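Colleague: This is the content of start.txt (compact mmCIF, C-alpha atoms and all ligand atoms):
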```txt
# COMPACT_ATOMS: atom_id res chain seq x y z
CA MET G 1 -81.70 4.11 -36.81
CA SER G 2 -84.70 6.19 -36.01
CA LEU G 3 -83.75 6.81 -32.35
CA GLU G 4 -80.50 8.25 -33.66
CA ARG G 5 -82.55 10.63 -35.80
CA VAL G 6 -84.58 11.71 -32.74
CA ARG G 7 -81.44 12.16 -30.64
CA LYS G 8 -79.88 14.41 -33.30
CA GLU G 9 -83.03 16.50 -33.57
CA VAL G 10 -83.52 16.96 -29.82
CA VAL G 11 -79.84 17.89 -29.42
CA GLU G 12 -80.02 20.31 -32.36
CA LEU G 13 -83.09 22.00 -30.89
CA GLY G 14 -81.15 22.30 -27.62
CA ARG G 15 -78.22 23.83 -29.48
CA LEU G 16 -80.48 26.31 -31.25
CA GLY G 17 -82.11 27.17 -27.91
CA ARG G 18 -78.97 28.18 -26.02
CA ARG G 19 -77.45 31.64 -26.09
CA GLU G 20 -74.14 29.96 -26.75
CA PRO G 21 -74.78 27.19 -29.26
CA VAL G 22 -73.62 24.11 -27.34
CA ALA G 23 -74.81 20.64 -28.36
CA VAL G 24 -75.41 18.37 -25.37
CA HIS G 25 -75.63 14.65 -26.15
CA ARG G 26 -75.03 13.28 -22.66
CA ALA G 27 -76.11 14.34 -19.17
CA GLU G 28 -72.43 14.88 -18.29
CA GLY G 29 -72.35 17.72 -20.84
CA LEU G 30 -75.00 19.77 -19.04
CA ASP G 31 -73.97 23.11 -17.58
CA PRO G 32 -76.20 25.00 -15.10
CA SER G 33 -75.17 28.31 -16.67
CA LYS G 34 -76.02 27.24 -20.22
CA GLY G 35 -79.75 26.58 -20.26
CA ILE G 36 -82.32 26.99 -22.98
CA PHE G 37 -83.65 30.52 -23.54
CA ARG G 38 -86.34 29.85 -26.11
CA LEU G 39 -89.00 32.35 -25.21
CA GLU G 40 -91.66 33.28 -27.75
CA GLY G 41 -90.44 36.21 -29.83
CA THR G 42 -86.74 35.34 -29.58
CA ARG G 43 -84.39 34.37 -32.38
CA GLN G 44 -83.97 30.98 -30.66
CA MET G 45 -87.70 30.37 -30.96
CA THR G 46 -87.82 31.35 -34.62
CA ASP G 47 -84.86 29.08 -35.36
CA ALA G 48 -86.54 26.19 -33.53
CA ARG G 49 -89.79 26.64 -35.43
CA GLU G 50 -87.94 26.82 -38.74
CA PHE G 51 -86.05 23.65 -37.85
CA VAL G 52 -89.23 21.76 -36.95
CA LEU G 53 -91.03 23.10 -40.03
CA GLY G 54 -88.15 21.69 -42.12
CA LEU G 55 -88.61 18.29 -40.45
CA MET G 56 -92.35 18.40 -41.03
CA ARG G 57 -91.88 19.27 -44.70
CA LYS G 58 -89.33 16.50 -45.11
CA ALA G 59 -91.82 14.08 -43.57
CA GLY G 60 -94.40 15.18 -46.16
CA LEU G 61 -96.75 16.77 -43.64
CA GLU G 62 -99.21 19.44 -44.69
CA ILE G 63 -98.32 22.56 -42.68
CA ARG G 64 -100.82 25.08 -41.38
CA PHE G 65 -100.74 27.97 -38.90
CA ASP G 66 -103.60 29.48 -36.98
CA ARG G 67 -104.00 33.13 -36.02
CA VAL G 68 -102.27 32.85 -32.62
CA GLY G 69 -99.10 31.05 -33.65
CA ASN G 70 -100.11 27.43 -33.19
CA MET G 71 -98.46 25.34 -35.89
CA PHE G 72 -99.80 22.06 -37.30
CA GLY G 73 -98.39 19.32 -39.53
CA ARG G 74 -100.91 16.87 -40.91
CA ARG G 75 -100.59 13.45 -42.46
CA GLN G 76 -103.81 12.51 -44.18
CA GLY G 77 -105.51 9.27 -43.25
CA ARG G 78 -107.36 6.78 -45.43
CA VAL G 79 -110.63 8.46 -44.66
CA SER G 80 -111.67 12.03 -44.18
CA ALA G 81 -112.54 12.15 -40.48
CA ARG G 82 -111.64 14.06 -37.34
CA ALA G 83 -107.91 13.83 -36.73
CA VAL G 84 -105.94 12.29 -33.91
CA MET G 85 -103.76 15.09 -32.60
CA SER G 86 -100.43 14.83 -30.81
CA GLY G 87 -97.79 17.40 -29.95
CA SER G 88 -96.53 19.80 -27.34
CA HIS G 89 -94.56 23.06 -27.23
CA LEU G 90 -91.14 24.37 -28.25
CA ASP G 91 -90.91 27.42 -26.00
CA SER G 92 -88.97 27.15 -22.73
CA VAL G 93 -88.70 28.89 -19.40
CA ALA G 94 -85.68 31.19 -19.01
CA ASN G 95 -82.59 29.01 -18.52
CA GLY G 96 -84.69 25.87 -19.00
CA GLY G 97 -83.95 22.32 -20.09
CA GLN G 98 -83.71 20.78 -23.55
CA PHE G 99 -86.46 18.14 -23.17
CA ASP G 100 -89.51 19.98 -21.79
CA GLY G 101 -92.00 20.19 -24.69
CA VAL G 102 -89.42 19.17 -27.30
CA VAL G 103 -89.84 15.45 -26.56
CA GLY G 104 -93.56 15.74 -27.34
CA VAL G 105 -92.99 17.64 -30.59
CA VAL G 106 -90.12 15.55 -31.95
CA GLY G 107 -91.68 12.38 -30.49
CA GLY G 108 -95.00 13.07 -32.22
CA LEU G 109 -93.25 13.76 -35.49
CA GLU G 110 -91.16 10.62 -35.13
CA ALA G 111 -94.27 8.51 -34.45
CA VAL G 112 -95.81 9.78 -37.70
CA ARG G 113 -92.59 9.12 -39.61
CA ARG G 114 -92.51 5.58 -38.29
CA LEU G 115 -96.12 4.99 -39.29
CA ALA G 116 -95.32 6.30 -42.77
CA GLU G 117 -92.16 4.22 -43.12
CA GLU G 118 -94.02 1.13 -41.96
CA GLY G 119 -96.76 1.93 -44.49
CA TYR G 120 -99.29 1.84 -41.66
CA PRO G 121 -102.72 2.55 -43.16
CA HIS G 122 -104.13 4.80 -40.46
CA GLU G 123 -107.73 5.71 -41.05
CA ARG G 124 -107.97 9.06 -39.27
CA PRO G 125 -105.58 11.88 -40.21
CA ILE G 126 -102.81 12.51 -37.70
CA GLU G 127 -102.08 16.11 -36.80
CA ILE G 128 -98.86 17.13 -35.06
CA ALA G 129 -99.32 20.35 -33.09
CA VAL G 130 -96.78 22.86 -31.82
CA PHE G 131 -98.65 25.05 -29.36
CA PHE G 132 -97.76 28.70 -28.90
CA GLY G 133 -96.39 29.98 -25.59
CA GLU G 134 -97.00 27.08 -23.22
CA GLU G 135 -94.52 28.27 -20.61
CA GLY G 136 -95.88 31.77 -20.39
CA SER G 137 -92.34 33.14 -20.08
CA ALA G 138 -92.72 35.90 -22.65
CA PHE G 139 -96.32 37.07 -22.42
CA GLY G 140 -97.10 36.72 -18.70
CA ARG G 141 -99.59 33.87 -18.90
CA GLY G 142 -99.25 30.17 -19.66
CA ALA G 143 -100.56 27.78 -22.31
CA ILE G 144 -101.70 30.60 -24.60
CA GLY G 145 -102.08 28.70 -27.88
CA SER G 146 -103.93 25.74 -26.42
CA ALA G 147 -106.15 28.01 -24.31
CA VAL G 148 -107.28 29.83 -27.47
CA LEU G 149 -107.87 26.51 -29.25
CA ALA G 150 -109.98 25.29 -26.34
CA GLY G 151 -112.02 28.51 -26.28
CA MET G 152 -110.71 29.53 -22.83
CA LEU G 153 -109.04 32.69 -24.13
CA SER G 154 -110.28 34.81 -27.02
CA GLN G 155 -108.04 35.34 -30.06
CA ALA G 156 -108.25 39.09 -29.53
CA ASP G 157 -107.19 38.88 -25.88
CA ALA G 158 -104.31 36.60 -26.82
CA LEU G 159 -103.12 38.87 -29.64
CA ASN G 160 -103.22 41.89 -27.33
CA LEU G 161 -100.98 40.31 -24.69
CA THR G 162 -97.69 42.17 -24.38
CA ASP G 163 -94.20 41.11 -23.36
CA GLU G 164 -91.82 42.94 -21.01
CA ASN G 165 -90.86 45.39 -23.75
CA GLY G 166 -94.47 46.19 -24.56
CA THR G 167 -94.39 44.25 -27.84
CA SER G 168 -97.75 42.62 -28.50
CA LEU G 169 -98.21 39.00 -29.39
CA ARG G 170 -99.75 40.22 -32.66
CA GLU G 171 -96.57 42.13 -33.54
CA THR G 172 -94.39 39.20 -32.51
CA LEU G 173 -96.24 36.90 -34.89
CA ARG G 174 -96.07 39.47 -37.68
CA TRP G 175 -92.34 39.64 -37.17
CA SER G 176 -91.72 35.90 -36.86
CA GLY G 177 -94.04 35.04 -39.74
CA HIS G 178 -95.28 31.86 -38.12
CA VAL G 179 -98.92 32.74 -38.36
CA GLY G 180 -101.79 31.96 -40.70
CA ASP G 181 -105.55 31.97 -40.93
CA LEU G 182 -106.47 28.44 -39.93
CA GLU G 183 -109.54 28.40 -37.68
CA MET G 184 -109.30 25.00 -36.08
CA GLN G 185 -112.46 23.90 -34.28
CA LEU G 186 -111.36 21.24 -31.83
CA ALA G 187 -114.79 19.64 -31.45
CA ASP G 188 -115.29 19.34 -35.22
CA ASP G 189 -111.73 18.72 -36.38
CA VAL G 190 -110.11 16.63 -33.67
CA ALA G 191 -111.21 13.21 -32.34
CA CYS G 192 -108.71 13.01 -29.49
CA PHE G 193 -105.34 14.29 -28.28
CA VAL G 194 -102.29 12.60 -26.79
CA GLU G 195 -99.16 14.38 -25.55
CA LEU G 196 -95.80 12.79 -24.81
CA HIS G 197 -93.82 14.68 -22.15
CA VAL G 198 -91.06 14.28 -19.59
CA GLU G 199 -92.50 13.82 -16.10
CA GLN G 200 -90.61 16.78 -14.58
CA GLY G 201 -90.97 15.14 -11.18
CA SER G 202 -89.29 12.19 -9.50
CA ARG G 203 -91.97 9.55 -9.17
CA LEU G 204 -91.14 7.46 -12.26
CA TYR G 205 -87.42 7.91 -11.68
CA ASN G 206 -87.59 6.85 -8.01
CA THR G 207 -89.77 3.82 -8.70
CA ARG G 208 -87.90 2.86 -11.89
CA THR G 209 -91.14 2.92 -13.85
CA ARG G 210 -90.73 3.36 -17.60
CA ILE G 211 -94.05 4.96 -18.50
CA GLY G 212 -96.37 7.27 -16.57
CA VAL G 213 -99.97 7.22 -17.72
CA VAL G 214 -101.38 10.57 -16.69
CA ASP G 215 -104.99 10.65 -15.53
CA ARG G 216 -105.17 14.17 -14.05
CA VAL G 217 -103.38 17.49 -14.47
CA ILE G 218 -103.10 19.81 -11.47
CA GLY G 219 -104.97 23.13 -11.32
CA SER G 220 -102.73 26.19 -11.52
CA SER G 221 -102.88 29.92 -11.41
CA TRP G 222 -100.57 32.90 -11.81
CA LEU G 223 -100.92 36.12 -9.89
CA SER G 224 -99.13 39.29 -10.80
CA ILE G 225 -98.77 41.58 -7.78
CA VAL G 226 -97.48 45.14 -7.64
CA ILE G 227 -96.60 46.73 -4.29
CA THR G 228 -95.99 50.48 -4.25
CA GLY G 229 -94.16 52.22 -1.43
CA GLN G 230 -92.24 55.48 -1.12
CA GLN G 231 -88.85 55.74 -2.77
CA ASN G 232 -86.34 57.43 -0.47
CA HIS G 233 -82.72 57.61 0.65
CA ALA G 234 -81.36 54.47 2.37
CA GLY G 235 -79.03 56.50 4.58
CA THR G 236 -81.24 59.38 5.66
CA THR G 237 -84.62 57.68 6.16
CA PRO G 238 -84.92 56.41 9.76
CA MET G 239 -86.13 52.83 10.13
CA SER G 240 -89.32 54.11 11.76
CA GLU G 241 -90.21 56.32 8.78
CA ARG G 242 -89.95 53.94 5.86
CA THR G 243 -92.50 52.72 3.37
CA ASP G 244 -90.25 50.17 1.73
CA ALA G 245 -92.03 48.11 -0.93
CA LEU G 246 -89.34 45.43 -0.87
CA VAL G 247 -89.70 44.78 2.86
CA SER G 248 -93.43 44.20 2.50
CA ALA G 249 -92.72 41.93 -0.51
CA ALA G 250 -90.40 39.86 1.71
CA ASP G 251 -93.20 39.46 4.24
CA LEU G 252 -95.61 38.41 1.48
CA ILE G 253 -93.19 35.82 0.12
CA LEU G 254 -93.03 34.13 3.52
CA GLN G 255 -96.81 34.24 3.95
CA VAL G 256 -97.28 32.58 0.52
CA LYS G 257 -94.89 29.83 1.57
CA ARG G 258 -96.64 29.28 4.91
CA TYR G 259 -100.15 29.07 3.43
CA ALA G 260 -99.06 26.47 0.87
CA GLU G 261 -97.16 24.48 3.51
CA THR G 262 -100.17 24.43 5.80
CA MET G 263 -102.49 23.28 3.03
CA ALA G 264 -100.03 20.64 1.83
CA ARG G 265 -99.81 19.28 5.39
CA GLN G 266 -103.57 19.30 5.81
CA TYR G 267 -104.38 17.39 2.60
CA ASP G 268 -102.50 15.30 0.03
CA GLY G 269 -99.35 17.40 -0.23
CA SER G 270 -100.17 18.68 -3.71
CA ALA G 271 -100.54 22.33 -2.65
CA VAL G 272 -97.59 24.47 -3.76
CA ALA G 273 -97.13 28.20 -4.09
CA THR G 274 -94.05 29.92 -5.40
CA VAL G 275 -92.89 33.48 -5.78
CA GLY G 276 -90.56 32.85 -8.71
CA ARG G 277 -90.39 36.36 -10.04
CA LEU G 278 -89.39 39.53 -8.23
CA LYS G 279 -88.66 42.88 -9.81
CA ALA G 280 -87.71 45.77 -7.56
CA PHE G 281 -87.57 49.35 -8.81
CA PRO G 282 -85.21 51.20 -8.92
CA ASN G 283 -83.24 48.22 -7.54
CA ALA G 284 -80.28 49.98 -5.94
CA PRO G 285 -78.63 49.25 -2.55
CA ASN G 286 -78.90 52.83 -1.33
CA VAL G 287 -82.53 53.42 -2.34
CA LEU G 288 -85.76 52.29 -0.66
CA SER G 289 -87.79 50.50 -3.32
CA GLU G 290 -90.64 52.43 -4.88
CA THR G 291 -92.30 49.40 -6.46
CA VAL G 292 -91.93 45.65 -6.40
CA GLU G 293 -93.57 43.31 -8.87
CA LEU G 294 -94.02 39.69 -7.83
CA GLY G 295 -95.03 36.73 -9.98
CA VAL G 296 -96.79 34.03 -7.93
CA ASP G 297 -97.56 30.49 -9.09
CA VAL G 298 -100.20 28.55 -7.13
CA ARG G 299 -101.19 24.89 -7.66
CA GLU G 300 -103.49 22.32 -6.09
CA MET G 301 -104.92 18.96 -7.15
CA VAL G 302 -108.46 19.92 -6.02
CA ASP G 303 -110.20 23.03 -7.38
CA GLU G 304 -111.90 24.01 -4.10
CA ARG G 305 -108.62 23.89 -2.20
CA MET G 306 -106.92 25.89 -4.93
CA GLU G 307 -109.60 28.55 -4.49
CA ILE G 308 -108.98 28.68 -0.73
CA LEU G 309 -105.23 29.00 -1.22
CA MET G 310 -105.66 31.76 -3.80
CA ASN G 311 -107.97 33.68 -1.47
CA GLN G 312 -105.52 33.35 1.41
CA ILE G 313 -102.79 34.81 -0.79
CA LEU G 314 -105.01 37.62 -2.08
CA ASP G 315 -105.99 38.48 1.52
CA ALA G 316 -102.32 38.52 2.46
CA VAL G 317 -101.69 41.02 -0.37
CA SER G 318 -104.51 43.28 0.82
CA GLY G 319 -103.25 43.02 4.40
CA LEU G 320 -99.90 44.56 3.46
CA GLY G 321 -101.51 48.02 3.13
CA GLY G 322 -102.41 48.23 6.84
CA ARG G 323 -99.12 46.83 8.07
CA TYR G 324 -96.66 48.66 5.83
CA GLN G 325 -98.64 51.65 4.46
CA VAL G 326 -97.97 50.42 0.90
CA SER G 327 -100.58 50.20 -1.82
CA THR G 328 -101.11 46.91 -3.64
CA GLU G 329 -102.60 45.60 -6.84
CA ALA G 330 -103.16 41.93 -7.73
CA VAL G 331 -104.09 40.56 -11.16
CA VAL G 332 -104.89 36.92 -11.97
CA ARG G 333 -102.92 36.28 -15.16
CA HIS G 334 -104.27 32.79 -15.75
CA LYS G 335 -106.30 30.20 -13.93
CA PHE G 336 -106.56 26.61 -15.07
CA GLY G 337 -108.82 24.24 -13.17
CA VAL G 338 -107.85 20.64 -12.44
CA ALA G 339 -108.18 18.63 -15.68
CA ASP G 340 -109.24 15.00 -15.68
CA LEU G 341 -107.97 13.16 -18.73
CA SER G 342 -110.08 10.76 -20.77
CA PRO G 343 -110.44 7.23 -19.34
CA THR G 344 -110.59 5.94 -22.95
CA VAL G 345 -107.30 7.54 -23.98
CA VAL G 346 -105.71 6.66 -20.63
CA GLY G 347 -106.80 3.03 -21.08
CA THR G 348 -105.46 2.93 -24.64
CA ILE G 349 -102.05 4.26 -23.55
CA GLU G 350 -101.92 1.71 -20.75
CA ARG G 351 -102.79 -1.18 -23.06
CA CYS G 352 -100.19 -0.08 -25.61
CA ALA G 353 -97.45 0.19 -22.98
CA CYS G 354 -98.39 -3.25 -21.64
CA ARG G 355 -98.25 -4.69 -25.16
CA LEU G 356 -94.71 -3.32 -25.37
CA ARG G 357 -93.92 -4.90 -21.98
CA LEU G 358 -93.08 -1.58 -20.37
CA THR G 359 -93.82 -0.94 -16.71
CA THR G 360 -96.48 1.69 -16.16
CA SER G 361 -97.96 3.70 -13.37
CA ARG G 362 -101.06 5.91 -13.28
CA ILE G 363 -99.88 9.32 -12.29
CA HIS G 364 -101.17 12.87 -11.72
CA SER G 365 -99.23 15.64 -13.44
CA HIS G 366 -98.01 18.35 -11.06
CA ALA G 367 -96.88 20.45 -14.03
CA GLY G 368 -99.22 22.18 -16.42
CA HIS G 369 -99.53 21.07 -20.06
CA ASP G 370 -101.39 21.92 -23.24
CA ALA G 371 -103.27 18.62 -22.78
CA MET G 372 -105.10 20.11 -19.77
CA ASN G 373 -106.71 22.68 -22.07
CA LEU G 374 -107.48 20.33 -24.93
CA ALA G 375 -109.05 17.92 -22.41
CA ARG G 376 -111.86 20.45 -21.90
CA ILE G 377 -113.08 19.82 -25.45
CA VAL G 378 -111.75 16.48 -26.70
CA PRO G 379 -110.72 13.19 -25.01
CA ALA G 380 -107.08 13.68 -24.09
CA GLY G 381 -104.27 11.68 -22.54
CA MET G 382 -100.59 12.06 -21.69
CA ILE G 383 -97.60 9.74 -21.74
CA PHE G 384 -94.82 10.57 -19.25
CA ILE G 385 -91.26 9.31 -19.31
CA PRO G 386 -88.82 9.62 -16.39
CA SER G 387 -86.89 12.80 -15.66
CA GLN G 388 -83.48 12.04 -14.17
CA GLN G 389 -83.49 12.98 -10.45
CA GLY G 390 -86.89 14.59 -11.09
CA ILE G 391 -85.21 17.82 -12.26
CA SER G 392 -86.94 20.11 -14.76
CA HIS G 393 -87.32 23.82 -15.57
CA SER G 394 -83.57 23.77 -15.14
CA PRO G 395 -80.58 23.45 -17.47
CA MET G 396 -79.83 20.20 -15.61
CA GLU G 397 -83.04 18.56 -16.88
CA TRP G 398 -82.27 15.19 -18.46
CA SER G 399 -84.14 12.16 -19.80
CA ASP G 400 -82.41 9.04 -21.06
CA TRP G 401 -82.54 8.34 -24.78
CA SER G 402 -83.82 4.82 -24.04
CA ASP G 403 -86.75 6.32 -22.09
CA ILE G 404 -87.47 8.73 -24.94
CA GLU G 405 -87.49 5.75 -27.29
CA ALA G 406 -89.91 3.90 -24.98
CA GLY G 407 -92.20 6.93 -24.91
CA ILE G 408 -92.17 7.22 -28.70
CA ARG G 409 -92.98 3.54 -29.09
CA VAL G 410 -95.95 3.87 -26.73
CA LEU G 411 -97.07 7.00 -28.58
CA THR G 412 -96.77 5.27 -31.97
CA GLU G 413 -98.87 2.32 -30.79
CA THR G 414 -101.38 4.66 -29.17
CA LEU G 415 -101.74 6.65 -32.41
CA LYS G 416 -102.36 3.41 -34.29
CA ASP G 417 -105.18 2.48 -31.92
CA LEU G 418 -106.72 5.93 -31.70
CA SER G 419 -106.62 6.49 -35.46
CA ARG G 420 -108.89 3.51 -36.07
CA LEU G 421 -112.48 4.52 -36.78
CA GLU G 422 -114.72 3.07 -34.07
C1 LIG W 1 -95.40 24.37 -17.34
O1 LIG W 1 -94.32 23.91 -17.61
C2 LIG W 1 -95.73 24.60 -15.97
O2 LIG W 1 -95.40 25.68 -15.47
O3 LIG W 1 -96.24 23.69 -15.32
MN MN W 2 -93.79 21.35 -20.95
MN MN W 3 -92.36 23.59 -18.70
```
Translate this structure into structure tokens?
Ligand code: GLV
Ligand code: MN
Ligand code: MN
Modeller:
Amino acid sequence: MSLERVRKEVVELGRLGRREPVAVHRAEGLDPSKGIFRLEGTRQMTDAREFVLGLMRKAGLEIRFDRVGNMFGRRQGRVSARAVMSGSHLDSVANGGQFDGVVGVVGGLEAVRRLAEEGYPHERPIEIAVFFGEEGSAFGRGAIGSAVLAGMLSQADALNLTDENGTSLRETLRWSGHVGDLEMQLADDVACFVELHVEQGSRLYNTRTRIGVVDRVIGSSWLSIVITGQQNHAGTTPMSERTDALVSAADLILQVKRYAETMARQYDGSAVATVGRLKAFPNAPNVLSETVELGVDVREMVDERMEILMNQILDAVSGLGGRYQVSTEAVVRHKFGVADLSPTVVGTIERCACRLRLTTSRIHSHAGHDAMNLARIVPAGMIFIPSQQGISHSPMEWSDWSDIEAGIRVLTETLKDLSRLE
């Protein structure tokens, strides 16, 4: 049974992604302390790529790598034309879930296998993509591979990105070996793109809708902020004489929360801002912090509002100097505008889901995806399936196998339609 094959592969990728190799077949087997740690550059990531490469080879796909670690598996069509591309990512956030990205990679591969087994004579080639570094967990910015493909980030800038240990992306690829010299030109080589993904929110789950047809992906940005104070003794420095970087960081965290709350209340509720990363130095109870690094994630469904929110946060950072005598530095690590997906691809997905008698809902994505970058160059669409309780970026992330099957069936039908020459 082909769903059984998919289940085994998703579970195996989960096993390979954990620090302790545990295979989780059922939601009851999840453990909040045993998430996926598949960051780019880790052994887990190399193992996952090798595993997927093995599946691609077995499926008879032609494998190619580009210069920034994107990996492609192609099944030729009956004619030589621009390909229909599908895929997602294999990297995870730290302590993440086993479905984010993986469902789109294994699901895309499964759709191609089903077409092959059925002997479906697709006209356009079908290209399964595994994009490099979507989560941004290792190299400090998100959706790296797809941003390079879409011309939003230069190859050189991508290759020069460094991880926490100062290892460059270039060195990481040299070490992992998953790199080549393919120069894919999206506009010339790809006709359209469709990505299957778990919703990572609760709308489909709460409304018991089987398939989300995504028409827009939220805008998002990451800020990296460094606050520098004066390191000193926690016992001997009077409260009135401190320049404590961590105290000013605490103030900033609350300001970020308030600005996003106010904007969410004022408009459609899509505004969110999160300080998800905090690194204090030297990080000791009896020492006033010299420096604090904060990682801030900001999102909005309308570009202009996103800009306002970002400026409010940047002003709040500058304002810390006057109030706490600290110095501050803010760097925008990435900035993705709101991405509208293609009405043609969206319509095709909807028709295919209807044909399969699955309930659908048009939905905006509040998470970022590689599709948002590809959509800048080629018509793109996304198929969402429910996330149990709306939980994601967590070891407790779960999607039912029957929903994964529904998503793959919609994807397979969609690839059939999109691979037809107009
Ligand atoms: C990607 O998963 C994101 O951060 O939205
Ligand atoms: Mn994802
Ligand atoms: Mn994710």
Colleague: For ligand LIG 1 (chain W), which residue among G:Val190, G:Ala371, G:Leu309, G:Ala353 is the nearest when counting all atoms listed in the file?
Modeller: G:Ala371
Colleague: Please, which residues are within 8 Å of (-77.0, 18.7, -19.5) by the file's coordinates, counting only C-alpha atoms, and could they come as a list in words?
Modeller: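 Protein, DNA and RNA residues close to (-77.0, 18.7, -19.5): Val24, His25, Arg26, Ala27, Glu28, Gly29, Leu30, Asp31, Pro32, Gly97, Pro395, Met396, Glu397 and Trp398 of chain G.
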Colleague: Which neighbours of G:Arg323 fall inside 10 Å, counting all atoms listed in the file, when residues of the same chain fewer than 4 positions from it are skipped, and could you give them as a list in words?
Modeller: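 My reading of the contact set: Ser248, Ser318 and Gly319 of chain G.
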Colleague: Filtering to C-alpha atoms, could you give me those residues as a CSV table (one decimal), in the coordinates of the input?
Modeller:
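The resulting file, result23.csv, is shown below:
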```csv
chain,number,residue,atom,x,y,z
G,248,SER,CA,-93.4,44.2,2.5
G,318,SER,CA,-104.5,43.3,0.8
G,319,GLY,CA,-103.2,43.0,4.4
```
Colleague: Counting only C-alpha atoms and all ligand atoms, what residues are within 7 Å of ligand MN 2 (chain W), given as a JSON list (two decimals) with C-alpha atoms, in the frame of the given file?
Modeller:
```json
[["chain", "number", "residue", "atom", "x", "y", "z"],
["G", 89, "HIS", "CA", -94.56, 23.06, -27.23],
["G", 100, "ASP", "CA", -89.51, 19.98, -21.79],
["G", 101, "GLY", "CA", -92.00, 20.19, -24.69],
["G", 134, "GLU", "CA", -97.00, 27.08, -23.22],
["G", 135, "GLU", "CA", -94.52, 28.27, -20.61],
["G", 197, "HIS", "CA", -93.82, 14.68, -22.15],
["G", 369, "HIS", "CA", -99.53, 21.07, -20.06]]
```
Colleague: Can you pull out the residues contacting G:Ser419? Cut-off 8 Å, using only C-alpha atoms, and skip same-chain residues under 4 positions away; I want them as a list in words.
Modeller: Ala83, Val84, His122, Glu123, Arg124, Pro125, Ile126 and Leu415 of chain G
Colleague: Counting only C-alpha atoms and all ligand atoms, what are the residues, protein, DNA or RNA alike, that approach ligand MN 3 (chain W) to within 12 Å? I want them as a short mmCIF file (atom, residue, chain, number, x, y, z; two decimals) with C-alpha atoms, keeping the file's coordinate frame.
Modeller:
```
data_model
loop_
_atom_site.label_atom_id
_atom_site.label_comp_id
_atom_site.auth_asym_id
_atom_site.auth_seq_id
_atom_site.Cartn_x
_atom_site.Cartn_y
_atom_site.Cartn_z
CA ILE G 36 -82.32 26.99 -22.98
CA ARG G 38 -86.34 29.85 -26.11
CA LEU G 39 -89.00 32.35 -25.21
CA SER G 88 -96.53 19.80 -27.34
CA HIS G 89 -94.56 23.06 -27.23
CA LEU G 90 -91.14 24.37 -28.25
CA ASP G 91 -90.91 27.42 -26.00
CA SER G 92 -88.97 27.15 -22.73
CA VAL G 93 -88.70 28.89 -19.40
CA ALA G 94 -85.68 31.19 -19.01
CA ASN G 95 -82.59 29.01 -18.52
CA GLY G 96 -84.69 25.87 -19.00
CA GLY G 97 -83.95 22.32 -20.09
CA GLN G 98 -83.71 20.78 -23.55
CA PHE G 99 -86.46 18.14 -23.17
CA ASP G 100 -89.51 19.98 -21.79
CA GLY G 101 -92.00 20.19 -24.69
CA VAL G 102 -89.42 19.17 -27.30
CA VAL G 103 -89.84 15.45 -26.56
CA GLY G 104 -93.56 15.74 -27.34
CA GLY G 133 -96.39 29.98 -25.59
CA GLU G 134 -97.00 27.08 -23.22
CA GLU G 135 -94.52 28.27 -20.61
CA GLY G 136 -95.88 31.77 -20.39
CA SER G 137 -92.34 33.14 -20.08
CA GLY G 142 -99.25 30.17 -19.66
CA ALA G 143 -100.56 27.78 -22.31
CA HIS G 197 -93.82 14.68 -22.15
CA VAL G 198 -91.06 14.28 -19.59
CA GLU G 199 -92.50 13.82 -16.10
CA GLN G 200 -90.61 16.78 -14.58
CA GLY G 201 -90.97 15.14 -11.18
CA SER G 365 -99.23 15.64 -13.44
CA HIS G 366 -98.01 18.35 -11.06
CA ALA G 367 -96.88 20.45 -14.03
CA GLY G 368 -99.22 22.18 -16.42
CA HIS G 369 -99.53 21.07 -20.06
CA ASP G 370 -101.39 21.92 -23.24
CA ILE G 391 -85.21 17.82 -12.26
CA SER G 392 -86.94 20.11 -14.76
CA HIS G 393 -87.32 23.82 -15.57
CA SER G 394 -83.57 23.77 -15.14
CA PRO G 395 -80.58 23.45 -17.47
CA GLU G 397 -83.04 18.56 -16.88
#
```
Colleague: Taking all atoms of stretch 365-375 of chain G that the file lists and extending 5 Å past them on each side, where is the centre of the axis-aligned box and how long are its edges? Answer in Å to one decimal, as lines of an AutoDock Vina configuration file.
Modeller:
```
center_x = -103.0
center_y = 19.2
center_z = -18.0
size_x = 22.2
size_y = 17.0
size_z = 23.9
```
Colleague: Suppose you want the space between atom CA of G:Ser399 and atom CA of G:Ile128; what is it in Å?
Modeller: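 For atom CA of G:Ser399 relative to atom CA of G:Ile128, the distance reads 21.8 Å.
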Colleague: Using all atoms listed in the file, find the one residue out of G:Leu159, G:His364, G:Gln388, G:Met56 that sits nearest to G:Ser270.
Modeller: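 Comparing G:Leu159, G:His364, G:Gln388, G:Met56 against G:Ser270, the winner is G:His364.
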Colleague: Excluding G:Ala234 and its own-chain neighbours fewer than 3 positions away, which residues fall within 8 Å of it when counting only C-alpha atoms? Please give them as a PyMOL selection string.
Modeller: chain G and resi 237+285-288
Colleague: Might you pull out every residue within 7 Å of G:Asn160, with only C-alpha atoms counted and same-chain residues fewer than 6 positions away left off, and present them as a VMD selection string?
Modeller: chain G and resid 168 to 170
Colleague: Can you work out which one of G:Ser327, G:Thr209, G:Asn232, G:Thr274 has the shortest atom-to-atom distance to ligand LIG 1 (chain W), counting only C-alpha atoms and all ligand atoms?
Modeller: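 That would be G:Thr274, the residue with the smallest distance to ligand LIG 1 (chain W).
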Colleague: For the atom pair atom CA of G:Val331 and atom CA of G:Ser224, what is the interatomic distance in Å to one decimal place?
Modeller: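 A separation of 5.1 Å between them.
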Colleague: Kindly indicate which residue among G:Val22, G:Val338, G:Leu223, G:Val247 lies nearest to G:Met301, using all atoms listed in the file for the distances.
Modeller: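 That would be G:Val338, the residue with the smallest distance to G:Met301.
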